[in-house]
$ cat model14.cif   # mmCIF, C-alpha atoms
data_structure
#
loop_
_atom_site.label_atom_id
_atom_site.label_comp_id
_atom_site.auth_asym_id
_atom_site.auth_seq_id
_atom_site.Cartn_x
_atom_site.Cartn_y
_atom_site.Cartn_z
CA MET A 1 -35.45 18.11 38.34
CA GLY A 2 -33.04 18.11 41.29
CA ASN A 3 -30.20 19.50 39.17
CA LYS A 4 -32.50 22.24 37.76
CA ALA A 5 -32.63 20.49 34.39
CA LYS A 6 -35.94 20.53 32.56
CA CYS A 7 -37.67 17.43 31.15
CA THR A 8 -40.75 17.63 28.95
CA PRO A 9 -43.43 14.93 29.37
CA ILE A 10 -45.01 13.62 26.17
CA GLY A 11 -47.87 11.64 27.69
CA LYS A 12 -49.92 10.98 30.79
CA GLY A 13 -51.55 7.81 32.03
CA THR A 14 -52.35 5.37 34.84
CA ILE A 15 -50.31 2.56 36.44
CA VAL A 16 -52.12 -0.20 38.34
CA PHE A 17 -50.33 -2.61 40.73
CA GLN A 18 -51.68 -5.82 42.26
CA ILE A 19 -51.00 -6.59 45.95
CA GLU A 20 -51.10 -10.00 47.63
CA SER A 21 -54.59 -9.56 49.04
CA GLY A 22 -55.96 -8.89 45.57
CA GLU A 23 -56.42 -5.16 46.10
CA ARG A 24 -55.17 -2.71 43.50
CA PHE A 25 -52.69 0.07 44.06
CA CYS A 26 -53.42 2.74 41.44
CA ALA A 27 -51.20 5.68 40.48
CA THR A 28 -53.02 8.16 38.27
CA ASN A 29 -51.79 11.08 36.15
CA VAL A 30 -48.35 9.46 35.74
CA LEU A 31 -46.17 11.44 33.34
CA HIS A 32 -44.13 9.76 30.60
CA VAL A 33 -40.79 11.58 30.30
CA PRO A 34 -38.39 10.18 27.66
CA GLY A 35 -34.78 10.08 28.81
CA LEU A 36 -35.58 9.86 32.53
CA GLY A 37 -33.25 7.24 34.01
CA MET A 38 -35.76 5.70 36.46
CA ASN A 39 -39.40 5.67 37.46
CA LEU A 40 -40.22 8.10 40.27
CA LEU A 41 -43.18 7.95 42.64
CA PHE A 42 -43.50 10.89 45.07
CA VAL A 43 -44.67 10.32 48.64
CA SER A 44 -46.55 13.61 48.62
CA GLN A 45 -48.55 12.46 45.60
CA LEU A 46 -49.47 9.19 47.34
CA GLN A 47 -50.60 11.02 50.43
CA GLY A 48 -52.66 13.35 48.30
CA LYS A 49 -54.46 10.31 46.86
CA GLY A 50 -55.43 9.05 50.32
CA TYR A 51 -52.62 6.53 50.96
CA ASP A 52 -50.89 6.31 54.35
CA ILE A 53 -47.07 6.07 54.30
CA TYR A 54 -45.04 4.39 57.10
CA PHE A 55 -41.21 4.49 57.47
CA ILE A 56 -40.16 1.65 59.84
CA LYS A 57 -36.56 0.33 60.19
CA GLU A 58 -35.34 1.22 56.70
CA LYS A 59 -38.53 -0.10 55.18
CA VAL A 60 -41.49 1.77 53.83
CA TYR A 61 -45.10 0.63 53.95
CA VAL A 62 -48.06 1.94 52.00
CA LYS A 63 -51.66 1.44 53.10
CA GLN A 64 -55.01 2.55 51.81
CA PRO A 65 -57.83 2.73 54.40
CA SER A 66 -59.84 -0.03 52.71
CA TRP A 67 -56.88 -2.49 52.61
CA LYS A 68 -56.52 -5.26 55.20
CA LYS A 69 -52.75 -4.77 55.63
CA LYS A 70 -49.86 -2.54 54.68
CA VAL A 71 -47.79 -3.09 51.52
CA GLN A 72 -44.03 -3.22 52.12
CA ILE A 73 -41.49 -1.25 50.09
CA ARG A 74 -37.83 -2.15 50.66
CA ILE A 75 -34.76 0.10 50.47
CA LYS A 76 -32.30 -0.36 47.60
CA SER A 77 -28.49 -0.28 47.72
CA ASN A 78 -28.38 3.27 46.33
CA ARG A 79 -30.79 4.38 49.08
CA LEU A 80 -33.85 4.66 46.87
CA TYR A 81 -37.08 2.94 47.92
CA ARG A 82 -38.42 0.40 45.47
CA LEU A 83 -42.00 -0.80 45.15
CA GLN A 84 -42.41 -4.54 45.75
CA LEU A 85 -45.59 -4.91 43.74
CA GLU A 86 -46.55 -6.73 40.56
CA SER A 87 -48.16 -4.80 37.78
CA PRO A 88 -50.97 -6.75 36.06
CA MET A 89 -51.17 -4.21 33.27
CA ALA A 90 -48.87 -1.85 31.42
CA LEU A 91 -48.82 1.92 31.62
CA ILE A 92 -51.98 3.17 30.03
CA GLY A 93 -50.96 6.12 27.90
CA SER A 94 -53.43 8.87 27.18
CA HIS A 95 -53.42 12.09 25.23
CA GLY A 96 -55.86 14.52 26.72
CA ASP A 97 -59.30 13.53 27.96
CA MET A 98 -59.45 9.93 26.68
CA ASP A 99 -61.62 7.91 29.10
CA LEU A 100 -60.99 4.40 30.41
CA ASN A 101 -63.46 2.85 27.97
CA GLU A 102 -61.48 4.08 24.99
CA ILE A 103 -58.13 3.15 26.56
CA GLN A 104 -59.15 -0.44 27.34
CA HIS A 105 -60.87 -0.73 23.95
CA LYS A 106 -57.54 -0.02 22.19
CA ILE A 107 -55.46 -2.19 24.54
CA MET A 108 -57.72 -5.18 23.84
CA GLY A 109 -57.32 -4.83 20.07
CA HIS A 110 -60.43 -2.67 19.53
CA PHE A 111 -62.70 -5.15 21.30
CA HIS A 112 -66.43 -4.34 21.43
CA HIS A 113 -67.21 -1.96 24.33
CA GLY A 114 -70.18 -3.98 25.57
CA ALA A 115 -68.12 -7.17 25.63
CA LEU A 116 -65.33 -5.44 27.61
CA ARG A 117 -67.70 -4.83 30.52
CA ILE A 118 -68.77 -8.50 30.44
CA ILE A 119 -65.30 -10.10 30.39
CA ARG A 120 -64.22 -8.15 33.50
CA SER A 121 -65.97 -10.80 35.63
CA THR A 122 -63.83 -13.60 34.12
CA VAL A 123 -60.51 -11.93 33.19
CA ILE A 124 -57.99 -10.46 35.66
CA GLY A 125 -56.57 -7.02 34.87
CA VAL A 126 -59.49 -5.52 32.92
CA LEU A 127 -60.41 -2.05 34.13
CA ASP A 128 -63.77 -1.37 35.76
CA LEU A 129 -65.74 0.15 32.89
CA SER A 130 -68.97 1.52 34.26
CA THR A 131 -69.60 4.47 31.95
CA GLU A 132 -71.32 4.29 28.61
CA GLN A 133 -69.29 4.71 25.45
CA ASP A 134 -70.65 7.41 23.14
CA ASP A 135 -67.65 8.29 20.98
CA VAL A 136 -66.78 6.49 17.77
CA CYS A 137 -63.30 4.97 17.64
CA ARG A 138 -61.45 6.48 14.69
CA GLY A 139 -59.47 3.27 14.06
CA CYS A 140 -62.61 1.13 13.99
CA ALA A 141 -64.36 3.59 11.69
CA LEU A 142 -61.44 3.59 9.24
CA GLY A 143 -61.27 -0.19 9.36
CA LYS A 144 -64.87 -0.47 8.20
CA TYR A 145 -64.40 1.79 5.21
CA ALA A 146 -64.95 0.12 1.86
CA LYS A 147 -62.53 1.03 -0.88
CA ALA A 148 -64.30 2.35 -3.96
CA THR A 149 -63.85 0.29 -7.11
CA PHE A 150 -62.10 1.72 -10.13
CA PRO A 151 -64.61 2.93 -12.72
CA TRP A 152 -64.87 0.99 -15.95
CA SER A 153 -62.96 2.67 -18.74
CA LYS A 154 -65.14 4.04 -21.51
CA HIS A 155 -62.26 3.82 -23.96
CA ARG A 156 -61.10 0.46 -25.29
CA ALA A 157 -58.74 -0.25 -28.16
CA LYS A 158 -60.73 -1.06 -31.32
CA SER A 159 -58.34 -3.76 -32.51
CA VAL A 160 -55.74 -6.22 -31.26
CA LEU A 161 -52.34 -4.60 -30.53
CA GLY A 162 -53.95 -1.16 -30.66
CA LEU A 163 -52.89 -0.63 -27.03
CA ILE A 164 -50.59 -2.77 -24.86
CA HIS A 165 -50.38 -2.28 -21.08
CA SER A 166 -47.08 -3.24 -19.46
CA ASP A 167 -46.00 -3.47 -15.83
CA ILE A 168 -43.19 -5.02 -13.78
CA CYS A 169 -43.59 -6.29 -10.24
CA GLU A 170 -41.50 -5.29 -7.24
CA PRO A 171 -38.63 -7.69 -6.38
CA MET A 172 -39.89 -10.83 -4.63
CA SER A 173 -38.90 -11.33 -0.98
CA VAL A 174 -37.58 -14.81 -1.87
CA LYS A 175 -35.89 -15.62 -5.17
CA ALA A 176 -36.99 -18.63 -7.20
CA LEU A 177 -34.64 -21.61 -7.48
CA SER A 178 -33.68 -20.41 -10.96
CA GLY A 179 -32.80 -16.95 -9.60
CA VAL A 180 -35.93 -15.23 -10.92
CA GLU A 181 -36.85 -12.17 -8.83
CA TYR A 182 -39.23 -10.16 -11.07
CA PHE A 183 -42.00 -10.76 -13.59
CA LEU A 184 -43.08 -8.57 -16.48
CA THR A 185 -46.60 -8.47 -17.93
CA PHE A 186 -48.00 -7.36 -21.29
CA ILE A 187 -51.81 -7.07 -21.58
CA ASP A 188 -53.63 -6.41 -24.84
CA ASP A 189 -56.32 -3.79 -24.16
CA HIS A 190 -58.73 -5.13 -26.79
CA SER A 191 -58.63 -8.89 -26.14
CA ARG A 192 -57.33 -8.75 -22.50
CA LYS A 193 -54.86 -11.51 -23.40
CA THR A 194 -51.85 -11.49 -21.07
CA TRP A 195 -48.21 -12.47 -21.56
CA ILE A 196 -45.88 -12.96 -18.58
CA TYR A 197 -42.07 -12.96 -18.66
CA PHE A 198 -39.92 -13.92 -15.66
CA LEU A 199 -36.77 -11.87 -15.05
CA LYS A 200 -33.65 -12.30 -12.94
CA THR A 201 -32.77 -8.60 -13.12
CA LYS A 202 -34.73 -5.49 -13.95
CA ASP A 203 -32.47 -4.50 -16.84
CA GLU A 204 -33.84 -7.44 -18.87
CA VAL A 205 -37.12 -5.57 -19.51
CA PHE A 206 -36.17 -4.06 -22.89
CA CYS A 207 -34.88 -7.39 -24.24
CA ARG A 208 -38.09 -9.14 -23.20
CA PHE A 209 -40.16 -6.37 -24.82
CA LYS A 210 -38.33 -6.90 -28.13
CA GLU A 211 -39.05 -10.64 -27.85
CA PHE A 212 -42.72 -9.97 -27.13
CA LYS A 213 -43.01 -7.43 -29.97
CA ALA A 214 -41.50 -9.83 -32.53
CA LEU A 215 -43.70 -12.69 -31.30
CA VAL A 216 -47.10 -10.96 -31.42
CA GLU A 217 -46.49 -8.92 -34.57
CA ASN A 218 -45.38 -12.01 -36.53
CA LEU A 219 -48.25 -14.04 -35.06
CA ILE A 220 -51.05 -11.52 -35.80
CA GLY A 221 -49.58 -9.66 -38.74
CA LYS A 222 -50.10 -6.22 -37.17
CA LYS A 223 -47.89 -3.66 -35.49
CA ILE A 224 -48.15 -2.49 -31.87
CA LYS A 225 -49.55 1.02 -31.99
CA VAL A 226 -49.30 2.18 -28.36
CA LEU A 227 -47.36 0.81 -25.35
CA HIS A 228 -48.60 2.04 -21.96
CA SER A 229 -46.41 1.60 -18.84
CA ASP A 230 -45.49 3.36 -15.61
CA ASN A 231 -41.83 3.74 -16.64
CA GLY A 232 -40.78 0.65 -14.75
CA GLY A 233 -41.86 1.92 -11.31
#

$ encode --input "model14.cif" --output "structure tokens"
Amino acid sequence: MGNKAKCTPIGKGTIVFQIESGERFCATNVLHVPGLGMNLLFVSQLQGKGYDIYFIKEKVYVKQPSWKKKVQIRIKSNRLYRLQLESPMALIGSHGDMDLNEIQHKIMGHFHHGALRIIRSTVIGVLDLSTEQDDVCRGCALGKYAKATFPWSKHRAKSVLGLIHSDICEPMSVKALSGVEYFLTFIDDHSRKTWIYFLKTKDEVFCRFKEFKALVENLIGKKIKVLHSDNGG
């Protein structure tokens, strides 16, 4: 930098501006530097990309040979020149050699690559995608994965109350009118019968378990042999 300070860029991308005639002013290999107080565009870089720069009466004009007219840039109060252009698209960040197909695919919410080339004729701001897409998008691939089902347990309690599964839900985002925020379940492994208790606070779990234990043991005439839980997690 001008004060000999060092800034480390974390990304590189392309900025596209739209001028009045409909032409596009494109700045490539733009660096993203966190902490930089303003956006900087160097005249030498523009000239290197084939743009002509004109300084006329405290105004700056930029022109590309194929454009019909020059694009005006006005001077600011702090004597910095500011681009008077509208940007139809945001900075396209890239990490490495990511091509335009992949960039636009992610910007458009992982839209199909073939459809992206078709909608360019009807939608303003879509990049010109002329190359074929050969790579597989990692996000799309992960989104199509099917989660494997849990295997059926080969072990089942041989009698009622031989094994009871218990779990408590996470606190609800909205409390019930009665103040209930949790619910506690007890599932008999043999019969799959389920009991549900609603709780206002998590410390009610042991009291509800004693109620459940007295209820089922008096009802069936057997004792609970094993209680399985995740320790209230």

$ atom_distance --input "model14.cif" --atom1 "atom CA of A:Phe186" --atom2 "atom CA of A:Ile164"
6.4 Å

$ closest_atom_pairs --input "model14.cif" --of "stretch 118-193 of chain A" --to "stretch 205-229 of chain A" --cutoff "12 Å" --atoms "all atoms listed in the file" --output "Markdown table"
| residue | atom | partner | partner_atom | distance |
| --- | --- | --- | --- | --- |
| A:Ala157 | CA | A:Val226 | CA | 9.7 |
| A:Lys158 | CA | A:Lys225 | CA | 11.4 |
| A:Ser159 | CA | A:Lys222 | CA | 9.8 |
| A:Val160 | CA | A:Lys222 | CA | 8.2 |
| A:Leu161 | CA | A:Ile224 | CA | 4.9 |
| A:Gly162 | CA | A:Lys225 | CA | 5.1 |
| A:Leu163 | CA | A:Val226 | CA | 4.7 |
| A:Ile164 | CA | A:Leu227 | CA | 4.8 |
| A:His165 | CA | A:His228 | CA | 4.8 |
| A:Ser166 | CA | A:Ser229 | CA | 4.9 |
| A:Asp167 | CA | A:Ser229 | CA | 5.9 |
| A:Ile168 | CA | A:Val205 | CA | 8.4 |
| A:Cys169 | CA | A:Val205 | CA | 11.3 |
| A:Tyr182 | CA | A:Val205 | CA | 9.8 |
| A:Phe183 | CA | A:Val205 | CA | 9.3 |
| A:Leu184 | CA | A:Val205 | CA | 7.3 |
| A:Thr185 | CA | A:Phe209 | CA | 9.7 |
| A:Phe186 | CA | A:Phe212 | CA | 8.3 |
| A:Ile187 | CA | A:His228 | CA | 9.7 |
| A:Asp188 | CA | A:Leu227 | CA | 9.6 |
| A:Asp189 | CA | A:His228 | CA | 9.9 |
| A:Lys193 | CA | A:Val216 | CA | 11.2 |

$ resolve_selection --input "model14.cif" --expression "the PyMOL selection byres ((chain A and resi 172) around 12)" --output "ChimeraX atom specification"
/A:168-171,173-176,179-183,198-202

$ write_last_selection --input "model14.cif" --atoms "C-alpha atoms" --output "PDB file, in the frame of the given file"
ATOM      1  CA  ILE A 168     -43.190  -5.020 -13.780  1.00  0.00           C
ATOM      2  CA  CYS A 169     -43.590  -6.290 -10.240  1.00  0.00           C
ATOM      3  CA  GLU A 170     -41.500  -5.290  -7.240  1.00  0.00           C
ATOM      4  CA  PRO A 171     -38.630  -7.690  -6.380  1.00  0.00           C
ATOM      5  CA  SER A 173     -38.900 -11.330  -0.980  1.00  0.00           C
ATOM      6  CA  VAL A 174     -37.580 -14.810  -1.870  1.00  0.00           C
ATOM      7  CA  LYS A 175     -35.890 -15.620  -5.170  1.00  0.00           C
ATOM      8  CA  ALA A 176     -36.990 -18.630  -7.200  1.00  0.00           C
ATOM      9  CA  GLY A 179     -32.800 -16.950  -9.600  1.00  0.00           C
ATOM     10  CA  VAL A 180     -35.930 -15.230 -10.920  1.00  0.00           C
ATOM     11  CA  GLU A 181     -36.850 -12.170  -8.830  1.00  0.00           C
ATOM     12  CA  TYR A 182     -39.230 -10.160 -11.070  1.00  0.00           C
ATOM     13  CA  PHE A 183     -42.000 -10.760 -13.590  1.00  0.00           C
ATOM     14  CA  PHE A 198     -39.920 -13.920 -15.660  1.00  0.00           C
ATOM     15  CA  LEU A 199     -36.770 -11.870 -15.050  1.00  0.00           C
ATOM     16  CA  LYS A 200     -33.650 -12.300 -12.940  1.00  0.00           C
ATOM     17  CA  THR A 201     -32.770  -8.600 -13.120  1.00  0.00           C
ATOM     18  CA  LYS A 202     -34.730  -5.490 -13.950  1.00  0.00           C
TER      19      LYS A 202
END

$ atom_distance --input "model14.cif" --atom1 "atom CA of A:Pro34" --atom2 "atom CA of A:Lys59"
29.4 Å

$ resolve_selection --input "model14.cif" --expression "the PyMOL selection byres ((chain A and resi 28) around 9)" --output "list of chain:residue names"
A:Lys12, A:Gly13, A:Thr14, A:Ile15, A:Val16, A:Cys26, A:Ala27, A:Asn29, A:Val30, A:Lys49

$ atom_distance --input "model14.cif" --atom1 "atom CA of A:Gly48" --atom2 "atom CA of A:Lys68"
20.2 Å
